[in-house]
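data.txt follows (compact mmCIF, C-alpha atoms):
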# COMPACT_ATOMS: atom_id res chain seq x y z
CA MET O 150 169.82 75.97 92.43
CA ASP O 151 171.27 78.14 95.21
CA GLY O 152 174.08 79.24 92.90
CA ASN O 153 171.57 80.14 90.25
CA ILE O 154 169.64 82.34 92.62
CA LYS O 155 172.81 84.11 93.67
CA GLN O 156 173.67 84.73 90.03
CA GLU O 157 170.20 86.07 89.39
CA ASP O 158 170.53 88.44 92.33
CA ASN O 159 173.61 90.02 90.79
CA ARG O 160 172.09 90.70 87.42
CA GLU O 161 171.31 94.28 86.53
CA TYR O 162 169.48 95.97 83.70
CA THR O 163 169.57 99.46 82.34
CA ILE O 164 166.39 100.85 81.00
CA LYS O 165 167.04 103.68 78.60
CA ILE O 166 164.34 106.02 77.43
CA ILE O 167 165.50 107.32 74.10
CA PRO O 168 163.47 110.12 72.54
CA HIS O 169 163.27 109.86 68.76
CA GLN O 170 163.40 113.60 68.88
CA GLY O 171 166.37 115.41 70.31
CA GLU O 172 165.44 115.42 74.01
CA THR O 173 167.77 114.06 76.64
CA VAL O 174 168.11 110.35 77.00
CA HIS O 175 167.06 108.96 80.37
CA SER O 176 168.47 105.76 81.65
CA VAL O 177 167.50 103.81 84.75
CA ARG O 178 169.69 101.13 86.24
CA VAL O 179 167.63 98.35 87.63
CA PRO O 180 169.03 95.42 89.61
CA PHE O 181 167.24 92.21 88.73
CA ARG O 182 166.08 91.87 92.35
CA VAL O 183 164.33 95.21 92.24
CA LEU O 184 162.93 94.34 88.85
CA LYS O 185 161.72 91.01 90.22
CA TYR O 186 160.17 92.44 93.38
CA GLY O 187 158.94 95.46 91.51
CA LEU O 188 157.28 93.28 88.96
CA ALA O 189 155.90 91.05 91.69
CA SER O 190 154.50 93.98 93.64
CA LEU O 191 153.26 95.51 90.42
CA CYS O 192 151.48 92.26 89.65
CA ALA O 193 150.13 92.10 93.20
CA GLY O 194 149.03 95.72 92.94
CA ALA O 195 147.36 95.02 89.64
CA VAL O 196 145.60 91.99 91.07
CA LEU O 197 144.52 93.99 94.11
CA PHE O 198 143.37 96.85 91.93
CA VAL O 199 141.39 94.57 89.65
CA GLY O 200 139.96 92.83 92.68
CA ALA O 201 138.98 96.09 94.35
CA LEU O 202 137.53 97.36 91.11
CA SER O 203 135.47 94.27 90.54
CA PHE O 204 134.39 94.25 94.18
CA ALA O 205 133.34 97.88 93.93
CA THR O 206 131.46 97.15 90.74
CA TYR O 207 129.92 94.08 92.30
CA SER O 208 128.87 95.90 95.45
CA ALA O 209 127.50 98.76 93.41
CA PHE O 210 125.43 96.27 91.45
CA THR O 211 124.44 94.43 94.61
CA ALA O 212 123.49 97.65 96.35
CA LYS O 213 121.37 98.61 93.36
CA ASP O 214 119.83 95.15 93.42
CA ASP O 215 119.19 95.41 97.16
CA ALA O 216 117.66 98.84 96.76
CA ASP O 217 115.43 97.49 94.01
CA ARG O 218 114.39 94.57 96.17
CA MET O 219 113.83 96.89 99.13
CA ALA O 220 111.61 99.13 97.02
CA GLN O 221 109.74 96.09 95.76
CA LEU O 222 109.26 94.80 99.31
CA LYS O 223 108.13 98.21 100.50
CA LYS O 224 105.56 98.26 97.73
CA VAL O 225 104.34 94.80 98.65
CA ASN O 226 104.28 95.75 102.31
CA THR O 227 102.21 98.87 101.66
CA LEU O 228 99.83 96.84 99.55
CA GLN O 229 99.48 94.21 102.25
CA GLN O 230 98.90 96.84 104.90
CA GLU O 231 96.16 98.31 102.77
CA GLN O 232 94.67 94.89 102.32
CA LEU O 233 94.91 94.26 106.04
CA THR O 234 93.17 97.53 106.75
CA GLN O 235 90.49 96.66 104.24
CA LEU O 236 90.11 93.24 105.80
CA ALA O 237 89.81 94.73 109.26
CA LYS O 238 87.23 97.21 108.01
CA LYS O 239 85.33 94.40 106.37
CA ALA O 240 85.47 92.40 109.59
CA ASN O 241 84.13 95.42 111.47
CA THR O 242 81.34 95.91 108.96
CA LEU O 243 80.56 92.23 109.17
CA GLN O 244 80.48 92.57 112.94
CA ASP O 245 78.00 95.45 112.71
CA GLN O 246 75.82 93.50 110.35
CA MET O 247 76.06 90.48 112.61
CA ASP O 248 74.92 92.61 115.54
CA GLU O 249 71.84 93.56 113.54
CA VAL O 250 71.25 89.97 112.60
CA ARG O 251 71.70 89.04 116.24
CA GLU O 252 68.95 91.38 117.30
CA ILE O 253 66.70 89.71 114.77
CA GLU O 254 67.89 86.37 116.08
CA GLN O 255 66.98 87.32 119.62
CA GLU O 256 63.52 88.40 118.55
CA LEU O 257 63.21 85.19 116.65
CA GLN O 258 64.34 83.22 119.68
CA MET O 259 61.84 84.99 121.87
CA VAL O 260 59.08 84.23 119.43
CA SER O 261 60.10 80.62 119.14
CA GLY O 262 60.78 80.23 122.87
CA LEU O 263 64.46 79.45 122.60
CA VAL O 264 66.86 80.56 125.29
CA ALA O 265 69.52 82.89 123.93
CA PRO O 266 72.95 81.20 123.72
CA GLU O 267 74.78 83.32 126.28
CA ASP O 268 78.08 81.56 125.70
CA ALA O 269 78.30 82.86 122.15
CA GLU O 270 77.58 86.35 123.33
CA ALA O 271 80.12 86.64 126.10
CA PRO O 272 83.42 87.02 124.23
CA THR O 273 81.99 89.42 121.68
CA GLU O 274 81.76 92.42 123.93
CA SER O 275 84.93 91.92 125.94
CA PHE O 276 87.43 91.28 123.16
CA ASP O 277 86.86 92.96 119.87
CA GLY O 278 86.87 96.55 121.07
CA GLN O 279 84.24 97.66 118.64
CA GLY O 280 83.95 101.31 117.72
CA GLY O 281 87.51 102.13 118.73
CA PRO O 282 89.83 103.83 116.25
CA TRP O 283 91.48 101.53 113.76
CA ILE O 284 95.24 101.67 114.28
CA GLU O 285 97.44 101.49 111.17
CA PRO O 286 99.03 98.03 111.30
CA ASN O 287 102.77 97.73 111.64
CA PRO O 288 104.85 94.52 111.79
CA LYS O 289 104.43 94.44 115.58
CA ASN O 290 100.69 94.57 115.73
CA VAL O 291 99.92 92.80 112.47
CA ASN O 292 99.66 89.58 114.43
CA ILE O 293 97.36 91.21 116.92
CA ALA O 294 95.27 92.62 114.10
CA LEU O 295 95.07 89.22 112.43
CA ASP O 296 94.16 87.57 115.72
CA ASN O 297 91.53 90.21 116.22
CA ILE O 298 90.05 89.61 112.79
CA SER O 299 90.14 85.87 113.19
CA HIS O 300 88.52 86.18 116.60
CA LYS O 301 85.77 88.33 115.15
CA LEU O 302 85.23 85.77 112.46
CA ASP O 303 85.02 83.05 115.12
CA VAL O 304 82.43 85.03 117.06
CA THR O 305 80.55 85.67 113.85
CA ARG O 306 80.60 81.97 113.08
CA SER O 307 79.19 81.11 116.51
CA HIS O 308 76.47 83.69 115.95
CA MET O 309 75.78 82.10 112.63
CA ASP O 310 75.40 78.76 114.40
CA GLY O 311 72.91 80.32 116.83
CA ILE O 312 70.96 81.87 114.01
CA ARG O 313 70.93 78.63 112.06
CA GLU O 314 69.57 76.90 115.15
CA ALA O 315 66.88 79.53 115.59
CA ILE O 316 65.90 79.33 111.94
CA LYS O 317 65.74 75.55 112.13
CA LYS O 318 63.50 75.81 115.15
CA GLN O 319 61.45 78.34 113.30
CA GLN O 320 61.15 75.96 110.39
CA LYS O 321 59.99 73.19 112.73
CA LEU O 322 57.43 75.56 114.22
CA GLY O 323 56.28 76.40 110.75
CA SER O 324 55.72 72.75 109.99
CA TYR O 325 53.68 72.32 113.19
CA HIS O 326 51.63 75.43 112.62
CA THR O 327 51.21 76.53 109.08
CA SER O 328 49.28 79.56 110.26
CA TYR O 329 51.79 80.43 112.95
CA SER O 330 51.55 83.97 114.20
CA ALA O 331 52.23 86.16 117.18
CA GLU O 332 48.73 85.40 118.39
CA ILE O 333 49.38 81.71 119.03
CA PRO O 334 50.85 80.94 122.46
CA SER O 335 54.29 79.55 122.04
CA ILE O 336 56.55 80.53 124.94
CA TRP O 337 56.73 79.60 128.61
CA PRO O 338 54.73 81.99 130.81
CA SER O 339 57.56 82.01 133.34
CA SER O 340 60.78 80.31 134.24
CA GLY O 341 60.65 77.51 136.75
CA ASP O 342 60.01 73.79 137.12
CA VAL O 343 56.87 72.01 136.03
CA SER O 344 55.47 70.97 139.39
CA SER O 345 52.28 69.48 138.00
CA PRO O 346 51.63 68.57 134.32
CA TYR O 347 48.37 68.68 132.39
CA GLY O 348 46.00 65.70 132.76
CA MET O 349 45.00 63.25 135.50
CA ARG O 350 46.75 63.90 138.76
CA TRP O 351 48.83 61.28 140.49
CA GLY O 352 46.44 58.51 141.62
CA GLY O 353 43.67 59.72 139.28
CA SER O 354 41.97 61.77 141.98
CA ASP O 355 41.07 64.66 139.65
CA PHE O 356 41.77 66.23 136.25
CA HIS O 357 44.33 69.02 136.05
CA PRO O 358 43.32 71.42 133.24
CA GLY O 359 46.72 73.17 132.94
CA ILE O 360 50.36 72.97 133.94
CA ASP O 361 51.90 74.33 137.13
CA ILE O 362 55.27 76.03 136.89
CA ALA O 363 56.81 76.60 140.29
CA ASN O 364 59.36 79.26 141.11
CA ASP O 365 60.00 81.94 143.73
CA TYR O 366 57.49 84.60 144.73
CA ASP O 367 57.44 87.57 142.38
CA THR O 368 58.92 85.66 139.44
CA PRO O 369 57.61 87.54 136.36
CA ILE O 370 54.75 85.95 134.46
CA VAL O 371 54.52 86.95 130.78
CA ALA O 372 51.88 86.75 128.09
CA THR O 373 52.63 83.74 125.87
CA ALA O 374 51.18 85.45 122.77
CA ASP O 375 49.72 88.76 121.62
CA GLY O 376 46.19 89.32 122.71
CA VAL O 377 43.70 91.32 124.79
CA VAL O 378 43.24 90.90 128.54
CA THR O 379 39.66 89.77 129.21
CA PHE O 380 40.00 89.28 132.97
CA ALA O 381 42.49 90.61 135.50
CA GLY O 382 41.76 90.20 139.18
CA TYR O 383 40.80 87.80 141.93
CA ASN O 384 38.93 84.62 141.09
CA SER O 385 37.07 83.09 143.97
CA GLY O 386 36.80 79.71 142.24
CA GLY O 387 40.30 78.78 143.39
CA TYR O 388 42.55 80.51 140.77
CA GLY O 389 43.27 83.40 143.14
CA ASN O 390 44.71 86.45 141.33
CA MET O 391 44.30 85.52 137.72
CA VAL O 392 44.69 86.87 134.17
CA ASP O 393 42.73 85.69 131.12
CA ILE O 394 43.96 86.68 127.66
CA ASP O 395 42.01 86.31 124.43
CA HIS O 396 44.36 85.70 121.49
CA GLY O 397 41.62 85.54 118.88
CA ASN O 398 40.75 82.56 116.71
CA GLY O 399 39.14 80.97 119.75
CA LEU O 400 42.44 80.79 121.63
CA THR O 401 42.62 81.94 125.24
CA THR O 402 45.19 81.54 127.97
CA ARG O 403 44.83 81.72 131.76
CA TYR O 404 47.49 82.45 134.40
CA GLY O 405 46.50 81.75 138.02
CA HIS O 406 47.63 82.12 141.67
CA ALA O 407 49.57 85.34 140.98
CA GLU O 408 50.78 87.49 143.85
CA GLU O 409 50.13 90.62 141.88
CA VAL O 410 48.44 91.37 138.55
CA VAL O 411 49.87 94.30 136.58
CA VAL O 412 47.46 94.46 133.64
CA GLU O 413 43.82 95.44 133.37
CA ALA O 414 40.91 93.96 131.50
CA GLY O 415 40.66 95.37 127.97
CA GLN O 416 44.39 96.01 127.77
CA ALA O 417 46.28 94.77 124.69
CA VAL O 418 49.43 92.80 125.50
CA ARG O 419 52.35 91.55 123.44
CA ARG O 420 54.06 88.20 123.67
CA GLY O 421 56.64 88.35 126.44
CA GLN O 422 55.03 91.31 128.19
CA ILE O 423 54.91 90.96 131.98
CA ILE O 424 51.32 90.63 133.13
CA ALA O 425 51.71 89.42 136.72
CA PHE O 426 54.13 88.21 139.39
CA MET O 427 54.13 84.72 140.79
CA GLY O 428 52.40 84.06 144.07
CA SER O 429 50.29 81.50 145.91
CA THR O 430 46.81 83.01 145.96
CA GLY O 431 43.67 80.86 145.70
CA PHE O 432 43.86 77.11 146.14
CA SER O 433 47.57 76.84 146.22
CA THR O 434 50.23 75.27 148.42
CA GLY O 435 53.20 77.29 147.21
CA PRO O 436 54.30 79.97 144.70
CA HIS O 437 53.59 78.81 141.16
CA VAL O 438 51.73 79.82 138.04
CA HIS O 439 48.85 77.72 136.84
CA TYR O 440 48.86 78.01 133.02
CA GLU O 441 45.88 76.99 130.89
CA VAL O 442 45.34 77.10 127.13
CA ARG O 443 41.76 76.88 125.83
CA VAL O 444 40.58 76.43 122.28
CA ASN O 445 36.96 77.59 121.89
CA GLY O 446 36.56 77.34 125.65
CA GLU O 447 37.82 73.76 125.91
CA VAL O 448 41.05 73.20 127.83
CA VAL O 449 43.88 71.64 125.82
CA ASN O 450 47.31 70.44 126.80
CA PRO O 451 49.54 73.56 127.03
CA GLU O 452 52.52 71.41 126.15
CA ASN O 453 51.34 71.63 122.56
CA TYR O 454 51.84 75.38 122.75
CA LEU O 455 55.29 75.37 124.26
CA TRP O 456 58.27 75.29 121.98
CA MET C 162 153.30 88.78 72.35
CA PHE C 163 156.89 89.55 73.16
CA ASP C 164 158.00 88.03 69.88
CA SER C 165 155.79 90.35 67.94
CA MET C 166 157.03 93.31 69.97
CA ARG C 167 160.62 92.37 69.26
CA LYS C 168 159.91 92.16 65.56
CA LYS C 169 158.41 95.60 65.66
CA VAL C 170 161.41 96.99 67.52
CA ASP C 171 163.76 95.36 65.06
CA SER C 172 162.14 97.20 62.24
CA THR C 173 162.85 100.75 61.15
CA ASN C 174 161.79 102.44 64.39
CA ASP C 175 164.46 100.96 66.61
CA ILE C 176 167.29 103.21 67.55
CA GLU C 177 169.96 100.59 67.19
CA THR C 178 173.00 102.69 67.96
CA ILE C 179 173.65 105.40 70.49
CA ILE C 180 176.87 107.30 70.69
CA GLY C 181 176.82 108.24 74.35
CA ARG C 182 177.41 111.63 75.84
CA SER C 183 180.94 110.75 76.95
CA THR C 184 181.97 109.12 73.68
CA ALA C 185 183.88 110.76 70.87
CA ILE C 186 184.42 109.16 67.50
CA ASN C 187 186.96 110.22 64.97
CA GLY C 188 185.94 108.95 61.56
CA GLN C 189 183.01 108.07 59.35
CA ILE C 190 179.97 106.24 60.75
CA SER C 191 177.86 104.28 58.34
CA GLY C 192 174.99 101.83 58.82
CA SER C 193 171.58 100.68 57.69
CA GLY C 194 169.65 101.39 60.90
CA ASN C 195 168.85 104.37 63.03
CA ILE C 196 171.42 106.21 65.09
CA ARG C 197 171.43 108.68 67.90
CA VAL C 198 174.46 110.75 68.79
CA ASP C 199 174.82 112.36 72.19
CA GLY C 200 178.60 112.47 72.08
CA ARG C 201 180.99 113.89 69.53
CA VAL C 202 181.70 112.68 66.03
CA ASP C 203 184.49 114.18 64.00
CA GLY C 204 183.75 112.80 60.54
CA GLY C 205 180.66 112.05 58.58
CA ILE C 206 177.53 110.00 59.22
CA ALA C 207 175.82 108.04 56.48
CA VAL C 208 172.91 105.80 57.50
CA ALA C 209 169.92 104.36 55.68
CA GLY C 210 167.70 105.08 58.67
CA ASP C 211 167.05 108.10 60.79
CA ALA C 212 169.68 110.12 62.59
CA ILE C 213 169.13 112.02 65.82
CA ILE C 214 171.63 114.48 67.17
CA GLY C 215 170.90 114.92 70.89
CA GLU C 216 171.26 118.16 72.80
CA SER C 217 174.78 117.33 73.81
CA GLY C 218 175.69 115.89 70.42
CA ILE C 219 178.28 117.56 68.21
CA ILE C 220 178.89 116.52 64.61
CA VAL C 221 181.64 117.91 62.52
CA GLY C 222 181.18 116.56 59.00
CA ASP C 223 178.47 115.74 56.47
CA ILE C 224 175.33 113.77 57.36
CA LYS C 225 173.33 111.61 54.99
CA ALA C 226 170.22 109.93 56.31
CA ARG C 227 166.52 109.16 55.68
CA SER C 228 165.58 111.93 58.13
CA LEU C 229 167.47 114.06 60.61
CA VAL C 230 166.66 115.64 63.94
CA VAL C 231 169.14 118.24 65.19
CA ALA C 232 168.91 119.19 68.86
CA GLY C 233 172.66 119.61 69.21
CA THR C 234 175.27 121.10 66.95
CA VAL C 235 176.13 120.16 63.38
CA ASN C 236 178.88 121.69 61.30
CA GLY C 237 178.59 120.23 57.83
CA ASN C 238 176.31 119.62 54.89
CA VAL C 239 173.13 117.59 55.24
CA GLU C 240 171.31 115.48 52.71
CA VAL C 241 168.07 113.70 53.77
CA GLU C 242 165.32 111.99 51.78
CA GLY C 243 162.66 113.14 54.18
CA ASN C 244 162.35 115.73 56.87
CA LEU C 245 165.03 117.81 58.51
CA SER C 246 163.94 119.09 61.90
CA ILE C 247 166.00 121.60 63.88
CA HIS C 248 164.92 121.92 67.51
CA ALA C 249 165.08 125.04 69.69
CA THR C 250 168.41 123.87 71.09
CA GLY C 251 169.74 122.84 67.68
CA GLN C 252 172.24 124.59 65.46
CA LEU C 253 173.05 123.63 61.91
CA ILE C 254 175.75 125.36 59.91
CA GLY C 255 176.02 124.06 56.38
CA ASP C 256 174.04 123.53 53.21
CA VAL C 257 171.07 121.19 53.21
CA LYS C 258 169.23 119.18 50.60
CA VAL C 259 165.90 118.08 51.99
CA ARG C 260 162.33 117.24 51.01
CA SER C 261 160.89 119.18 53.97
CA LEU C 262 162.35 121.38 56.64
CA ASN C 263 161.17 122.66 59.96
CA ILE C 264 162.99 124.84 62.42
CA ALA C 265 161.68 125.42 65.90
CA ASP C 266 161.65 128.87 67.44
CA GLY C 267 165.20 129.40 68.64
CA GLY C 268 166.70 126.83 66.31
CA VAL C 269 169.65 127.98 64.22
CA PHE C 270 170.22 127.20 60.55
CA LYS C 271 172.91 128.89 58.59
CA GLY C 272 173.47 127.79 55.03
CA GLN C 273 171.80 127.07 51.74
CA SER C 274 168.71 124.98 51.34
CA ASP C 275 167.83 122.88 48.34
CA MET C 276 164.34 121.56 48.20
CA ALA C 277 162.31 119.94 45.41
CA VAL C 278 159.75 122.29 43.93
CA ARG C 279 156.13 121.11 43.98
CA THR C 280 155.40 120.05 40.42
CA GLY C 281 151.62 120.61 40.35
CA ASP C 282 151.77 124.24 41.51
CA VAL C 283 151.75 127.32 39.36
CA GLN C 284 155.24 128.69 39.06
CA VAL C 285 155.59 132.28 40.16
CA GLN C 286 158.21 133.99 38.13
CA PRO C 287 160.52 136.27 40.01
CA ALA C 288 160.00 139.88 39.12
Mind converting the file's structure to structure tokens?
Amino acid sequence: MDGNIKQEDNREYTIKIIPHQGETVHSVRVPFRVLKYGLASLCAGAVLFVGALSFATYSAFTAKDDADRMAQLKKVNTLQQEQLTQLAKKANTLQDQMDEVREIEQELQMVSGLVAPEDAEAPTESFDGQGGPWIEPNPKNVNIALDNISHKLDVTRSHMDGIREAIKKQQKLGSYHTSYSAEIPSIWPSSGDVSSPYGMRWGGSDFHPGIDIANDYDTPIVATADGVVTFAGYNSGGYGNMVDIDHGNGLTTRYGHAEEVVVEAGQAVRRGQIIAFMGSTGFSTGPHVHYEVRVNGEVVNPENYLW
Amino acid sequence: MFDSMRKKVDSTNDIETIIGRSTAINGQISGSGNIRVDGRVDGGIAVAGDAIIGESGIIVGDIKARSLVVAGTVNGNVEVEGNLSIHATGQLIGDVKVRSLNIADGGVFKGQSDMAVRTGDVQVQPA
């Protein structure tokens, strides 16, 4: 084999370029080695060239593909941003509407004597930043925006729960009183603890014609239904400073032992309106309001008019 | 692929013989292929194929071939079936019998020319 290679190395070729016209003949003497390496490098060059060409073509195609995909993604992104903005706007609108509904809910709750669910209210004001400018979402704050929207929806849902509760209560009221109206006592005249219920007192010593609700001096006392004040002043029979309200339909309410009365006889009052402040006037051993409900002059259990 | 190329080369287009620049031949050359002369030939050339006289070629004697290219010097009569072409560097002194003839600007031809007259054309009588 070695001998063969040596022989091959010595071989030479002459390449003659012979014009078929009269021009000069060119001849090139080529040793086999040169021919071999030349051919090899030519082949390598060709391979490289083809490779480079195909790579260039490929990358051109890929770049085009990438650009297409990029454009597509940009389109999608823009669309999604628009949708996000729309969604946020919708959430805001929903929030506004919910606020309106909430006002109605609160009225409803006042009418039906429910305490407003403060826990549902609290996060609403502090978090959602209502009324502020809407910032165009970018990938960084998309999450924040989504959180914001989802939070708003959560708040809205809790409001919905509150409203559902109120409406349920309302329904129950409706079933108790088919002719329910603002003129039927339905709320507590004040906050506080029931210190003495309606009926026979402990030990049966005497009959208690109302309920006593005890709290601090000057706790507001409110009208439990719409009506007209028929008496406002001091009662020497033991009620002390007292207010009588006629609600029509034979219904009257009485609030006794007040420290101060802030309405006058003949004055029209609304449910929830403050008529007096709690005190201990008349036959009383401490600050409380004595609350009576009368139907056609007869005392009835006020518990039936508290919801 | 190479086989087919070889076949092609073997056919009428191959210049089979070259009389090199430093070669001189005294006598008649005859063959059936193509020939190129860059050296000197004192004698005639008669080939069935084409003959090419290179720039440095010198022919003294008659040439008979299928076609002839003269880029060198020819002193003698020429008879070709096809085309006689004299290049700018060529010089032909002698009578020729050809089917077609072209002489480049600068090419020299001195002698008589015999060409076949086109049969279909109207003959113009000399005045």
List as a count of residues only the protein and nucleic acid residues near Asp223 (chain C), meaning an atom at most 9 Å away when all atoms listed in the file are counted, but skip any in the same chain fewer than 3 places from it. 12
Counting only C-alpha atoms, which residues of chain C fall within 10 Å of chain O, and what is the closest atom pair for each with its distance in Å at one decimal, ordered by chain and rising number, as JSON lines?
{"residue": "C:Asn174", "atom": "CA", "partner": "O:His169", "partner_atom": "CA", "distance": 8.7}
{"residue": "C:Asp175", "atom": "CA", "partner": "O:His169", "partner_atom": "CA", "distance": 9.2}
{"residue": "C:Ile176", "atom": "CA", "partner": "O:His169", "partner_atom": "CA", "distance": 7.9}
{"residue": "C:Ile179", "atom": "CA", "partner": "O:Ile167", "partner_atom": "CA", "distance": 9.1}
{"residue": "C:Gly181", "atom": "CA", "partner": "O:Val174", "partner_atom": "CA", "distance": 9.3}
{"residue": "C:Arg182", "atom": "CA", "partner": "O:Val174", "partner_atom": "CA", "distance": 9.5}
{"residue": "C:Asn195", "atom": "CA", "partner": "O:His169", "partner_atom": "CA", "distance": 9.7}
{"residue": "C:Ile196", "atom": "CA", "partner": "O:His169", "partner_atom": "CA", "distance": 9.7}
{"residue": "C:Arg197", "atom": "CA", "partner": "O:His169", "partner_atom": "CA", "distance": 8.3}
{"residue": "C:Val198", "atom": "CA", "partner": "O:Gly171", "partner_atom": "CA", "distance": 9.5}
{"residue": "C:Asp199", "atom": "CA", "partner": "O:Val174", "partner_atom": "CA", "distance": 8.5}
{"residue": "C:Asp211", "atom": "CA", "partner": "O:His169", "partner_atom": "CA", "distance": 9.0}
{"residue": "C:Ala212", "atom": "CA", "partner": "O:His169", "partner_atom": "CA", "distance": 8.9}
{"residue": "C:Ile213", "atom": "CA", "partner": "O:Gly171", "partner_atom": "CA", "distance": 6.3}
{"residue": "C:Ile214", "atom": "CA", "partner": "O:Gly171", "partner_atom": "CA", "distance": 6.2}
{"residue": "C:Gly215", "atom": "CA", "partner": "O:Gly171", "partner_atom": "CA", "distance": 4.6}
{"residue": "C:Glu216", "atom": "CA", "partner": "O:Gly171", "partner_atom": "CA", "distance": 6.1}
{"residue": "C:Ser217", "atom": "CA", "partner": "O:Thr173", "partner_atom": "CA", "distance": 8.2}
{"residue": "C:Gly218", "atom": "CA", "partner": "O:Gly171", "partner_atom": "CA", "distance": 9.3}
{"residue": "C:Leu229", "atom": "CA", "partner": "O:Gln170", "partner_atom": "CA", "distance": 9.2}
{"residue": "C:Val230", "atom": "CA", "partner": "O:Gln170", "partner_atom": "CA", "distance": 6.3}
{"residue": "C:Val231", "atom": "CA", "partner": "O:Gly171", "partner_atom": "CA", "distance": 6.5}
{"residue": "C:Ala232", "atom": "CA", "partner": "O:Gly171", "partner_atom": "CA", "distance": 4.8}
{"residue": "C:Gly233", "atom": "CA", "partner": "O:Gly171", "partner_atom": "CA", "distance": 7.6}
{"residue": "C:Ser246", "atom": "CA", "partner": "O:Gln170", "partner_atom": "CA", "distance": 8.9}
{"residue": "C:Ile247", "atom": "CA", "partner": "O:Gly171", "partner_atom": "CA", "distance": 8.9}
{"residue": "C:His248", "atom": "CA", "partner": "O:Gly171", "partner_atom": "CA", "distance": 7.2}
{"residue": "C:Ala249", "atom": "CA", "partner": "O:Gly171", "partner_atom": "CA", "distance": 9.7}
{"residue": "C:Thr250", "atom": "CA", "partner": "O:Gly171", "partner_atom": "CA", "distance": 8.7}
{"residue": "C:Gly251", "atom": "CA", "partner": "O:Gly171", "partner_atom": "CA", "distance": 8.6}
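Between CA of Ser190 (chain O) and CA of Leu202 (chain O) lies a distance of 17.5 Å.
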One-decimal distance in Å that lies between CA of Ser193 (chain C) and CA of Ser228 (chain C):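 About the pair CA of Ser228 (chain C) and CA of Ser193 (chain C): they are 12.8 Å apart.
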In Å to one decimal, how far is CA of Asn241 (chain O) from CA of Val304 (chain O)? 11.9 Å
Pick from O:Thr163, O:Pro358, O:Ala205, O:Asp215: nearest to Val183 (chain O), with only C-alpha atoms counted?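 Looking at the shortest contact to Val183 (chain O), the residue is O:Thr163.
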